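Inspection log for the structure reproduced underneath, given as structure tokens.
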There are 2 protein chains.
Amino acid sequence: MKISTKGRYALTIMLHLGRAYDSHQYISLSEISEREKISLKYLEKIMISLKKADFFDVQKGKDGGYRLKKKPEEITIGSIIRAAEEELDIVDCVKKDGCPNKERCDAYPLWKGLSDEINLYLESKNLGEYL
Amino acid sequence: MKISTKGRYALTIMLHLGRAYDSHQYISLSEISEREKISLKYLEKIMISLKKADFFDVQKGKDGGYRLKKKPEEITIGSIIRAAEEELDIVDCVKKDGCPNKERCDAYPLWKGLSDEINLYLESKNLGEYL
DNA sequence: TGAATTCCTACTAATTTGGTAGTAAAATAA
DNA sequence: TTATTTTACTACCAAATTAGTAGGAATTCA
């Protein structure tokens, strides 16, 4: 049971963009790559997932990069991890239609409870708290 | 971020043994295997991990199997998952000596908080609650 | 002695994770 | 227009982890 590097790096990226939010400047992935010693190519890949969540204004070319559309305080950690990990369910059973046997399964309430706990926690935190 | 089948099946095993607790009878893995349609060999493997936690009395041979040493109410879900998954830390950073940079890392409090939340939850639940 | 069971060791297939590589497309500035 | 910087897209690949499988040895009980 692990958050993958994908999820962790996604948060790292978001923290960088969060810190730059007030300046309205674009931050390029190469800048983050250098500062965090994470390969540019891998960051690009993670960005593909993050972009689906529509967090960014994007600017190509010189001095381009990414910029948050919303204030860091308005972006929940849950939305970031969910976008990066694609899936934020601790067991398949709790997914919609994840288990045909929910009603009779003794274990289901446990996994559902844990899943809810995690989601609630991550939803209760926002990016602004960690800058 | 997933609980593996190993962790889930471990709980399944423990639920069976928990239900049999009052009868003091031994339950064999082949019985659980049949009832749950999980391969006997895989259950045996999971059992290797679980046994490290010293949950069971063991009886080989006819009518043998496993039996809980303690009341289901005295066995936390956390102790089960921890034994099965070997590791119950959501990110490596929160492990002892998991990160040399803890103090300066903006993300650390988040992962630590989440990890604590999960552990607290699983430690607060016991096997008896799910029988 | 025979059947049922755990115990032990080793192997393997499938999936996920953690990347890398190359190139196209867009934006900007000279 | 051209060079540079950036994102966007597509494809591939290696390592690690997960999810098993296989075969037999040891133990226990009837």
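Each chain in the structure tokens gets a letter, A, B, ..., in the order shown, and its residues are numbered from 1; ligands are numbered from 1 in order too.
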Given a cut-off of 7 Å, which residues of chain D touch chain B, counting only C-alpha atoms (C1' of nucleotides), written out as a compact mmCIF listing (two decimals) with N, CA and C atoms (P, O5', C5', C4', C3', O3' and C1' of nucleotides), in the first residue's frame?
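Just written: out-v1.txt:
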```txt
# COMPACT_ATOMS: atom_id res chain seq x y z
P DG D 20 -4.19 -14.13 -7.53
O5' DG D 20 -3.36 -15.14 -6.61
C5' DG D 20 -3.30 -16.47 -6.95
C4' DG D 20 -2.16 -16.74 -7.93
C3' DG D 20 -1.85 -18.22 -8.03
O3' DG D 20 -2.68 -18.80 -9.01
C1' DG D 20 0.12 -16.88 -8.09
P DT D 27 9.18 -33.40 11.72
O5' DT D 27 7.60 -33.41 11.92
C5' DT D 27 6.92 -32.16 11.97
C4' DT D 27 5.44 -32.43 12.10
C3' DT D 27 5.05 -33.33 13.28
O3' DT D 27 4.16 -32.56 14.07
C1' DT D 27 3.91 -33.97 11.31
P DT D 28 3.87 -32.97 15.61
O5' DT D 28 2.43 -33.63 15.46
C5' DT D 28 1.38 -32.86 14.89
C4' DT D 28 0.25 -33.78 14.50
C3' DT D 28 -0.16 -34.79 15.58
O3' DT D 28 -1.41 -34.37 16.07
C1' DT D 28 -0.20 -35.71 13.38
P DC D 29 -2.00 -34.99 17.43
O5' DC D 29 -3.15 -35.91 16.86
C5' DC D 29 -4.01 -35.40 15.83
C4' DC D 29 -4.68 -36.56 15.12
C3' DC D 29 -5.16 -37.68 16.05
O3' DC D 29 -6.56 -37.84 15.85
C1' DC D 29 -3.97 -38.56 14.19
```
Find the spatial neighbours of Leu17 in chain B, counting only C-alpha atoms (C1' of nucleotides), within a cut-off of 12 Å - ignore same-chain residues fewer than 5 positions away - and output them as a ChimeraX atom specification. /B:10-12,22-29,31-32,55-58,65-72,75,127-128,130-131
For the interface of chain A with chain B (cut-off 7 Å, counting only C-alpha atoms), please tabulate each contacting residue of chain A alongside its nearest pair of atoms and their separation in Å to one decimal, rows sorted by chain and increasing number, as a tab-separated table.
```
residue	atom	partner	partner_atom	distance
A:Met1	CA	B:Lys2	CA	5.0
A:Lys2	CA	B:Ile90	CA	4.3
A:Ile3	CA	B:Met1	CA	5.2
A:Leu88	CA	B:Met1	CA	6.4
A:Asp89	CA	B:Lys2	CA	6.7
A:Ile90	CA	B:Lys2	CA	4.3
A:Val91	CA	B:Lys2	CA	5.5
A:Asp106	CA	B:Tyr130	CA	5.7
A:Ala107	CA	B:Tyr130	CA	6.6
A:Ile118	CA	B:Ile118	CA	7.0
A:Tyr130	CA	B:Asp106	CA	5.7
A:Leu131	CA	B:Asp106	CA	6.5
```
Using backbone DSSP assignments, extract all helix (DSSP H, G or I) residues from chain B; output them as a PyMOL selection string. chain B and resi 5-23+29-36+40-51+72-74+77-85+92-94+102-104+108-124+127-130
Considering only C-alpha atoms (C1' of nucleotides), give me a table of residues in chain C that are at most 8 Å from chain A, with the closest atom pair and distance in Å for each, as a tab-separated table.
```
residue	atom	partner	partner_atom	distance
C:DT17	C1'	A:Ser4	CA	7.6
C:DG18	C1'	A:Thr5	CA	8.0
C:DG19	C1'	A:Tyr42	CA	6.6
C:DT20	C1'	A:Lys41	CA	7.5
C:DA26	C1'	A:Lys60	CA	6.3
C:DA27	C1'	A:Gly61	CA	4.6
C:DT28	C1'	A:Lys62	CA	5.9
```
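The protein and nucleic acid residues lying at most 10 Å from range 12-15 of chain C are D:DT17, D:DT18, D:DA19, D:DG20, D:DT21, with only C-alpha atoms (C1' of nucleotides) considered and sequence neighbours fewer than 3 positions away removed.
Listed by chain and then by rising number, the residues of chain B that DSSP assigns to strand (DSSP E or B) from the backbone are Ile27, Phe56, Asp57, Val58, Gln59, Gly65, Tyr66, Arg67, Leu68, Thr76 and Asn126 of chain B.
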For the atom pair CA of Asp97 in chain A and CA of Glu34 in chain B, what is the interatomic distance in Å to one decimal place? 24.9 Å
With a distance cut-off of 10 Å and only C-alpha atoms (C1' of nucleotides), select the neighbouring residues of range 8-10 of chain C, excluding the residue or stretch itself and same-chain residues fewer than 6 positions from it, and output the selection as a list in words. DA22, DG23, DG24, DA25 and DA26 of chain D
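Between CA of Arg82 in chain A and CA of His16 in chain A the interatomic distance comes to 18.4 Å.
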